[in-house]
Amino acid sequence: MLRRGLHHRNRHLHTQIPKPPSPEASAIASLILQTPSQTLTLTLDRLNHNWSPNLVDQILKRLWNHAPKALQFFNLLDRHRSYTHSASSFNHAADIAARLRDYVSLWALLNRMRARRLGPTNRTFAIVFERYVAAGKPDRAVKVFLSMHELGCDRNLCAFNTLLDVLCKSKRVEMAFELFRVFRGRFRPDVVTYNIIANGWCLIKRTNRALEVLREMVERGLEPTISTYNVVLKGFFRAGQVKEGWEFFLEMKRRGCEIDVVSYTTVVHGFGVVGEVEKARRVFDEMVKEGCLPSVATYNALIQVLCKKSSVEDALVVFEEMVRKGYVPNTTTYNVVIRGLCHSGKMEKAVELMGRMKGDEREPNVQTYNVVIRYFCDAGEVEKGMELFEKMRSGECLPNLDTFNVLISAMFVRKKADDLLAAGKLLIEMVDRGFVPRRFIFNRILNGLLLTGNQWFAKEILRLQSQSGRVPRQFKL
DNA sequence: GACTGGTTCC
């Protein structure tokens with residue numbers, strides 16, 4: 001009986017095999033980056049490549065951190081004699097324009113899609129909703145949804161669910177619920193709609209509201225799915241109701257619910273955050289016994305609890321075990337283990353593991369770098385932190401606000417004049433990349449520079465401060 | 001990536 005469920009339970013395993021990298025796309029992407037904007041047309045003409053939608057998508061993905069160049073590439077290729085963009089490439093371009101908050105280009109792209117009868121599709125609208133909400137304009141997202149039909153796309157339940165999901169994930173649950181109440185007569189909500197709303201309430205730790213919504217769902221004759229149960233399960237653990245969560249899990253089993261890898265992972269993680277290492281392990285072992293294969297996420301949950309509440313050595317045992325069993329650790333796995341190693345002072349081993357990521361086609365991301373840089377700086381090895389920072393600048397991993405804050409703070413530990421100079425340079429780069437430093441960072445650096453008698457540089461920083469703030473340069477095209 | 005669920009950190 002248990003065997004029957006094996007296939008769909010573990011469909012996630014298929015996604016664990018890393019996609020082969022596309023050397024062709026990387027080569028063209030770096031060529032585009034090296035070519036000055038003025039001569040890009042010529043370069044692309046001369047390249048005369050056999051373009052395919054997939055290749056163009058890959059290139060756009062690789063140019064993600066270089067948005068203006070990405071859009072220029074897209075637009076130039078749009079005027080190509082024989083090649084025409086696919087809907088998916090249009091969506092990529094729209095996503096990039098929206099991320100730059102360049103709404104003029106965004107809507108121009110949507111209109112072009114429509115003119116060519118490529119869309120805009122539900123996926124396009126999902127991007128638009130997400131970007132407006134991320135930019136703090138949820139009302140715009142709702143407005144776009146309400147005028148979808150004018151843009152050549154039916155207002156359907158899918159789009160409605162997507163909008164509710166985007167609002168809920170940004171914690172605007174009240175707003176989503178209001179919308180749900182107003183429009184439920186028109187769109188006939190399905191179990192997905194209810195799962196989204198219930199998950200929203202759980203996200204803000206209002207498990208009772210989630211249960212209320214789900215009761216209403218059942219009254220309306222909709223059957224809960226395994227996702228519904230998993231939403232509630234996660235909700236209990238997230239709200240710190242561990243006892244209720246565990247009892248709900250047992251109830252799921254009693255009722256013969258097909259507990260899947262997500263349910264198990266939720267429980268392992270739930271016990272993990274409250275430090276119940278033994279219980280977490282027992283549930284992990286139980287799922288294996290029940291014939292449900294753990295996924296990478298399940299391993300991540302277990303490895304994390306071992307790192308935090310047991311020891312990084314125990315975590316490494318499980319890490320090596322999963323590798324031996326043929327799993328490919330993902331970036332999260334590496335980040336968890338690397339953090340554990342840093343935390344117990346094993347910096348060399350942490351750096352070694354960063355190197356090992358590349359072998360698995362898992363590039364260290366900004367979180368990976370930030371953790372290792374932070375621990376190096378805390379240990380007083382500021383040079384090693386800077387070394388990693390240089391490395392990330394040369395690669396495709398962009399530093400974020402955290403990276404700069406950590407490095408700049410580190411420059412005050414040793415009370416050296418050179419360090420203050422370095423802090424000032426970091427501040428300039430930070431503003432240059434479109435980040436807005438907090439005022440106390442400016443003041444700290446200014447005071448330091450004045451104390452060490454570097455009046456000239458202090459003046460530069462002051463000028464920078466008066467300029468920074470409004471429109472970050474990153475967002476200008 | 002094509003309506004929903006599980007894994008890192010701040």
# chains A, B, ... in the order shown; residues from 1 in each chain; ligands from 1
call {"tool": "closest_atom_pairs", "arguments": {"of": "chain A", "to": "chain B", "cutoff": "6 Å", "atoms": "only C-alpha atoms (C1' of nucleotides)", "output": "CSV"}}
result
residue,atom,partner,partner_atom,distance
A:Arg123,CA,B:DA2,C1',5.5
A:Cys158,CA,B:DC3,C1',4.4
A:Asn161,CA,B:DC3,C1',5.3
A:Thr162,CA,B:DC3,C1',5.8
A:Val192,CA,B:DT4,C1',4.9
A:Asn195,CA,B:DT4,C1',5.7
A:Ile196,CA,B:DT4,C1',5.6
A:Ser227,CA,B:DG5,C1',4.8
A:Asn230,CA,B:DG5,C1',5.8
A:Val231,CA,B:DG5,C1',5.8
A:Val262,CA,B:DG6,C1',4.3
A:Thr265,CA,B:DG6,C1',5.3
A:Thr266,CA,B:DG6,C1',5.3
A:Ala297,CA,B:DT7,C1',4.1
A:Asn300,CA,B:DT7,C1',5.1
A:Ala301,CA,B:DT7,C1',5.5
A:Thr332,CA,B:DT8,C1',4.9
A:Asn335,CA,B:DT8,C1',5.7
A:Val336,CA,B:DT8,C1',5.4
call {"tool": "write_last_selection", "arguments": {"atoms": "all heavy atoms", "output": "CSV table (one decimal), in the first residue's frame"}}
result
chain,number,residue,atom,x,y,z
A,123,ARG,N,1.6,34.2,-16.9
A,123,ARG,CA,2.9,34.3,-16.4
A,123,ARG,C,3.4,35.8,-16.4
A,123,ARG,O,4.0,36.2,-15.5
A,123,ARG,CB,3.9,33.4,-17.3
A,123,ARG,CG,5.3,33.6,-16.9
A,123,ARG,CD,5.7,32.8,-15.7
A,123,ARG,NE,6.9,33.4,-15.1
A,123,ARG,CZ,7.0,33.9,-13.8
A,123,ARG,NH1,5.9,33.8,-13.1
A,123,ARG,NH2,8.1,34.4,-13.4
A,158,CYS,N,-7.0,31.6,-12.4
A,158,CYS,CA,-5.5,31.4,-12.2
A,158,CYS,C,-4.9,32.8,-11.9
A,158,CYS,O,-4.1,32.8,-10.9
A,158,CYS,CB,-4.9,31.0,-13.5
A,158,CYS,SG,-5.1,29.2,-13.8
A,161,ASN,N,-5.8,33.8,-8.4
A,161,ASN,CA,-5.0,33.1,-7.4
A,161,ASN,C,-3.6,33.6,-7.3
A,161,ASN,O,-3.0,33.8,-6.2
A,161,ASN,CB,-5.0,31.6,-7.7
A,161,ASN,CG,-6.3,31.0,-7.4
A,161,ASN,OD1,-7.2,31.5,-6.7
A,161,ASN,ND2,-6.6,29.8,-7.9
A,162,THR,N,-3.0,33.9,-8.5
A,162,THR,CA,-1.6,34.4,-8.5
A,162,THR,C,-1.5,35.7,-7.7
A,162,THR,O,-0.6,35.9,-6.9
A,162,THR,CB,-1.2,34.6,-9.9
A,162,THR,OG1,-1.3,33.4,-10.6
A,162,THR,CG2,0.3,35.0,-10.0
A,192,VAL,N,-7.2,25.7,-4.4
A,192,VAL,CA,-5.9,26.5,-4.5
A,192,VAL,C,-6.1,27.8,-3.8
A,192,VAL,O,-5.3,28.3,-3.0
A,192,VAL,CB,-5.4,26.5,-5.9
A,192,VAL,CG1,-4.2,27.4,-6.0
A,192,VAL,CG2,-5.2,25.2,-6.5
A,195,ASN,N,-6.2,27.5,-0.2
A,195,ASN,CA,-4.9,27.2,0.4
A,195,ASN,C,-4.0,28.4,0.4
A,195,ASN,O,-3.3,28.6,1.4
A,195,ASN,CB,-4.2,26.1,-0.5
A,195,ASN,CG,-4.8,24.7,-0.4
A,195,ASN,OD1,-5.6,24.5,0.5
A,195,ASN,ND2,-4.4,23.8,-1.3
A,196,ILE,N,-4.1,29.2,-0.6
A,196,ILE,CA,-3.3,30.5,-0.6
A,196,ILE,C,-3.7,31.4,0.5
A,196,ILE,O,-2.8,31.9,1.3
A,196,ILE,CB,-3.5,31.2,-2.0
A,196,ILE,CG1,-2.8,30.4,-3.1
A,196,ILE,CG2,-3.0,32.6,-1.9
A,196,ILE,CD1,-3.2,30.8,-4.5
A,227,SER,N,-1.9,19.5,0.2
A,227,SER,CA,-1.4,20.8,0.3
A,227,SER,C,-2.1,21.6,1.5
A,227,SER,O,-1.4,22.3,2.2
A,227,SER,CB,-1.5,21.6,-0.9
A,227,SER,OG,-0.7,21.0,-1.9
A,230,ASN,N,-0.8,20.4,4.7
A,230,ASN,CA,0.5,20.8,4.9
A,230,ASN,C,0.6,22.3,5.3
A,230,ASN,O,1.5,22.7,6.1
A,230,ASN,CB,1.4,20.5,3.7
A,230,ASN,CG,1.7,19.0,3.6
A,230,ASN,OD1,1.6,18.3,4.5
A,230,ASN,ND2,2.1,18.6,2.4
A,231,VAL,N,-0.3,23.1,4.7
A,231,VAL,CA,-0.3,24.5,5.1
A,231,VAL,C,-0.6,24.6,6.6
A,231,VAL,O,0.0,25.4,7.3
A,231,VAL,CB,-1.4,25.2,4.2
A,231,VAL,CG1,-1.8,26.6,4.8
A,231,VAL,CG2,-0.9,25.4,2.8
A,262,VAL,N,6.7,16.6,1.9
A,262,VAL,CA,6.6,18.0,2.4
A,262,VAL,C,6.1,17.9,3.8
A,262,VAL,O,6.6,18.7,4.7
A,262,VAL,CB,5.6,18.8,1.5
A,262,VAL,CG1,5.4,20.2,2.1
A,262,VAL,CG2,6.1,18.9,0.1
A,265,THR,N,9.0,16.9,6.0
A,265,THR,CA,10.0,18.0,6.0
A,265,THR,C,9.6,19.1,7.0
A,265,THR,O,10.3,19.6,7.8
A,265,THR,CB,10.3,18.6,4.7
A,265,THR,OG1,10.6,17.5,3.8
A,265,THR,CG2,11.4,19.6,4.7
A,266,THR,N,8.3,19.4,6.9
A,266,THR,CA,7.7,20.4,7.8
A,266,THR,C,7.9,20.0,9.3
A,266,THR,O,8.3,20.9,10.1
A,266,THR,CB,6.2,20.6,7.5
A,266,THR,OG1,6.1,20.9,6.1
A,266,THR,CG2,5.6,21.7,8.3
A,297,ALA,N,15.5,19.1,0.5
A,297,ALA,CA,14.9,20.0,1.6
A,297,ALA,C,14.8,19.3,2.9
A,297,ALA,O,15.1,19.9,4.0
A,297,ALA,CB,13.6,20.6,1.1
A,300,ASN,N,18.2,19.2,4.3
A,300,ASN,CA,18.6,20.6,4.8
A,300,ASN,C,18.0,20.8,6.2
A,300,ASN,O,18.7,21.4,7.0
A,300,ASN,CB,18.1,21.6,3.8
A,300,ASN,CG,18.8,21.6,2.5
A,300,ASN,OD1,19.8,20.8,2.3
A,300,ASN,ND2,18.3,22.3,1.5
A,301,ALA,N,16.7,20.5,6.4
A,301,ALA,CA,16.1,20.7,7.7
A,301,ALA,C,16.8,19.9,8.8
A,301,ALA,O,17.1,20.5,9.8
A,301,ALA,CB,14.6,20.3,7.6
A,332,THR,N,21.2,26.0,-0.6
A,332,THR,CA,20.8,26.0,0.8
A,332,THR,C,21.6,25.0,1.7
A,332,THR,O,22.0,25.4,2.8
A,332,THR,CB,19.3,25.8,0.9
A,332,THR,OG1,18.6,26.7,0.0
A,332,THR,CG2,18.8,26.0,2.3
A,335,ASN,N,24.9,26.4,2.2
A,335,ASN,CA,24.9,27.6,3.1
A,335,ASN,C,24.7,27.2,4.6
A,335,ASN,O,25.4,27.7,5.5
A,335,ASN,CB,23.8,28.5,2.7
A,335,ASN,CG,24.2,29.3,1.4
A,335,ASN,OD1,25.3,29.2,1.0
A,335,ASN,ND2,23.3,30.0,0.9
A,336,VAL,N,23.9,26.2,4.8
A,336,VAL,CA,23.6,25.7,6.2
A,336,VAL,C,24.9,25.1,6.8
A,336,VAL,O,25.3,25.5,7.9
A,336,VAL,CB,22.5,24.7,6.2
A,336,VAL,CG1,22.4,24.0,7.6
A,336,VAL,CG2,21.2,25.3,5.8
call {"tool": "residues_around", "arguments": {"residues": "segment 70-87 of chain A", "least_positions_apart": "2", "cutoff": "8 Å", "atoms": "only C-alpha atoms (C1' of nucleotides)", "output": "PDB file with N, CA, C and O atoms, in the first residue's frame"}}
result
ATOM      1  N   ILE A  32      28.652  40.263 -24.928  1.00  0.00           N
ATOM      2  CA  ILE A  32      27.753  41.419 -24.840  1.00  0.00           C
ATOM      3  C   ILE A  32      28.231  42.390 -23.757  1.00  0.00           C
ATOM      4  O   ILE A  32      28.224  43.606 -23.945  1.00  0.00           O
ATOM      5  N   SER A  37      28.020  49.768 -25.518  1.00  0.00           N
ATOM      6  CA  SER A  37      26.646  49.876 -26.024  1.00  0.00           C
ATOM      7  C   SER A  37      26.580  50.361 -27.470  1.00  0.00           C
ATOM      8  O   SER A  37      25.777  49.864 -28.269  1.00  0.00           O
ATOM      9  N   LEU A  40      27.248  47.562 -30.036  1.00  0.00           N
ATOM     10  CA  LEU A  40      26.630  46.250 -29.821  1.00  0.00           C
ATOM     11  C   LEU A  40      25.869  45.760 -31.055  1.00  0.00           C
ATOM     12  O   LEU A  40      25.919  44.573 -31.397  1.00  0.00           O
ATOM     13  N   THR A  41      25.201  46.681 -31.759  1.00  0.00           N
ATOM     14  CA  THR A  41      24.475  46.316 -32.977  1.00  0.00           C
ATOM     15  C   THR A  41      25.403  45.620 -33.959  1.00  0.00           C
ATOM     16  O   THR A  41      25.096  44.529 -34.459  1.00  0.00           O
ATOM     17  N   TRP A  51      20.029  32.103 -33.608  1.00  0.00           N
ATOM     18  CA  TRP A  51      19.334  32.336 -32.336  1.00  0.00           C
ATOM     19  C   TRP A  51      18.203  31.345 -32.130  1.00  0.00           C
ATOM     20  O   TRP A  51      17.523  30.965 -33.084  1.00  0.00           O
ATOM     21  N   PRO A  53      14.931  30.556 -29.073  1.00  0.00           N
ATOM     22  CA  PRO A  53      14.298  31.127 -27.866  1.00  0.00           C
ATOM     23  C   PRO A  53      15.003  30.688 -26.589  1.00  0.00           C
ATOM     24  O   PRO A  53      15.225  31.505 -25.690  1.00  0.00           O
ATOM     25  N   LEU A  60      19.606  36.131 -21.382  1.00  0.00           N
ATOM     26  CA  LEU A  60      18.936  37.140 -20.549  1.00  0.00           C
ATOM     27  C   LEU A  60      19.115  36.815 -19.069  1.00  0.00           C
ATOM     28  O   LEU A  60      19.316  37.705 -18.245  1.00  0.00           O
ATOM     29  N   LEU A  63      22.474  37.849 -17.961  1.00  0.00           N
ATOM     30  CA  LEU A  63      22.665  39.305 -17.925  1.00  0.00           C
ATOM     31  C   LEU A  63      21.802  39.945 -16.837  1.00  0.00           C
ATOM     32  O   LEU A  63      21.642  41.170 -16.803  1.00  0.00           O
ATOM     33  N   TRP A  64      21.231  39.112 -15.970  1.00  0.00           N
ATOM     34  CA  TRP A  64      20.302  39.572 -14.942  1.00  0.00           C
ATOM     35  C   TRP A  64      20.871  40.719 -14.101  1.00  0.00           C
ATOM     36  O   TRP A  64      20.171  41.670 -13.764  1.00  0.00           O
ATOM     37  N   HIS A  66      22.953  42.853 -15.075  1.00  0.00           N
ATOM     38  CA  HIS A  66      23.362  43.967 -15.948  1.00  0.00           C
ATOM     39  C   HIS A  66      22.144  44.363 -16.780  1.00  0.00           C
ATOM     40  O   HIS A  66      22.140  44.271 -17.997  1.00  0.00           O
ATOM     41  N   ALA A  67      21.112  44.821 -16.064  1.00  0.00           N
ATOM     42  CA  ALA A  67      19.802  45.024 -16.666  1.00  0.00           C
ATOM     43  C   ALA A  67      19.802  45.905 -17.922  1.00  0.00           C
ATOM     44  O   ALA A  67      19.199  45.531 -18.927  1.00  0.00           O
ATOM     45  N   PRO A  68      20.459  47.085 -17.902  1.00  0.00           N
ATOM     46  CA  PRO A  68      20.415  47.910 -19.106  1.00  0.00           C
ATOM     47  C   PRO A  68      20.976  47.187 -20.328  1.00  0.00           C
ATOM     48  O   PRO A  68      20.398  47.256 -21.418  1.00  0.00           O
ATOM     49  N   SER A  89      10.882  34.894 -23.687  1.00  0.00           N
ATOM     50  CA  SER A  89      11.907  35.944 -23.693  1.00  0.00           C
ATOM     51  C   SER A  89      11.292  37.306 -23.380  1.00  0.00           C
ATOM     52  O   SER A  89      11.885  38.114 -22.670  1.00  0.00           O
ATOM     53  N   PHE A  90      10.101  37.538 -23.910  1.00  0.00           N
ATOM     54  CA  PHE A  90       9.393  38.781 -23.577  1.00  0.00           C
ATOM     55  C   PHE A  90       9.166  38.877 -22.067  1.00  0.00           C
ATOM     56  O   PHE A  90       9.346  39.935 -21.469  1.00  0.00           O
ATOM     57  N   ASN A  91       8.789  37.752 -21.468  1.00  0.00           N
ATOM     58  CA  ASN A  91       8.561  37.760 -20.019  1.00  0.00           C
ATOM     59  C   ASN A  91       9.842  38.076 -19.257  1.00  0.00           C
ATOM     60  O   ASN A  91       9.821  38.821 -18.284  1.00  0.00           O
ATOM     61  N   ALA A  93      12.352  39.858 -20.354  1.00  0.00           N
ATOM     62  CA  ALA A  93      12.638  41.281 -20.560  1.00  0.00           C
ATOM     63  C   ALA A  93      11.717  42.135 -19.694  1.00  0.00           C
ATOM     64  O   ALA A  93      12.153  43.111 -19.066  1.00  0.00           O
ATOM     65  N   ILE A  96      12.901  42.134 -16.164  1.00  0.00           N
ATOM     66  CA  ILE A  96      14.088  42.976 -15.974  1.00  0.00           C
ATOM     67  C   ILE A  96      13.693  44.461 -15.941  1.00  0.00           C
ATOM     68  O   ILE A  96      14.125  45.205 -15.064  1.00  0.00           O
ATOM     69  N   ALA A  97      12.841  44.864 -16.865  1.00  0.00           N
ATOM     70  CA  ALA A  97      12.406  46.266 -16.899  1.00  0.00           C
ATOM     71  C   ALA A  97      11.650  46.624 -15.619  1.00  0.00           C
ATOM     72  O   ALA A  97      11.853  47.693 -15.038  1.00  0.00           O
ATOM     73  N   MET A 113       4.007  42.513 -26.969  1.00  0.00           N
ATOM     74  CA  MET A 113       3.583  41.110 -26.859  1.00  0.00           C
ATOM     75  C   MET A 113       2.183  40.949 -27.434  1.00  0.00           C
ATOM     76  O   MET A 113       1.886  40.001 -28.151  1.00  0.00           O
ATOM     77  N   LEU A 118       1.446  37.200 -28.659  1.00  0.00           N
ATOM     78  CA  LEU A 118       2.232  36.292 -27.817  1.00  0.00           C
ATOM     79  C   LEU A 118       1.753  36.342 -26.371  1.00  0.00           C
ATOM     80  O   LEU A 118       2.220  35.643 -25.495  1.00  0.00           O
ATOM     81  N   GLY A 119       0.845  37.230 -26.116  1.00  0.00           N
ATOM     82  CA  GLY A 119       0.401  37.412 -24.741  1.00  0.00           C
ATOM     83  C   GLY A 119      -0.201  38.779 -24.567  1.00  0.00           C
ATOM     84  O   GLY A 119      -0.739  39.307 -25.534  1.00  0.00           O
ATOM     85  N   PRO A 120      -0.092  39.437 -23.451  1.00  0.00           N
ATOM     86  CA  PRO A 120       0.554  38.941 -22.234  1.00  0.00           C
ATOM     87  C   PRO A 120      -0.176  37.739 -21.627  1.00  0.00           C
ATOM     88  O   PRO A 120      -1.393  37.697 -21.642  1.00  0.00           O
TER      89      PRO A 120
END
call {"tool": "closest_residue", "arguments": {"among": "A:Met386, A:Met357, A:Leu449, A:Leu33", "to": "Lys416 of chain A", "atoms": "only C-alpha atoms"}}
result
A:Leu449
call {"tool": "select_by_dssp", "arguments": {"residues": "segment 236-471 of chain A", "states": "alpha helix (DSSP H)", "output": "PyMOL selection string"}}
result
chain A and resi 236-238+242-254+261-273+277-289+296-309+312-324+331-343+347-359+366-378+382-394+401-410+417-432+439-451+455-467
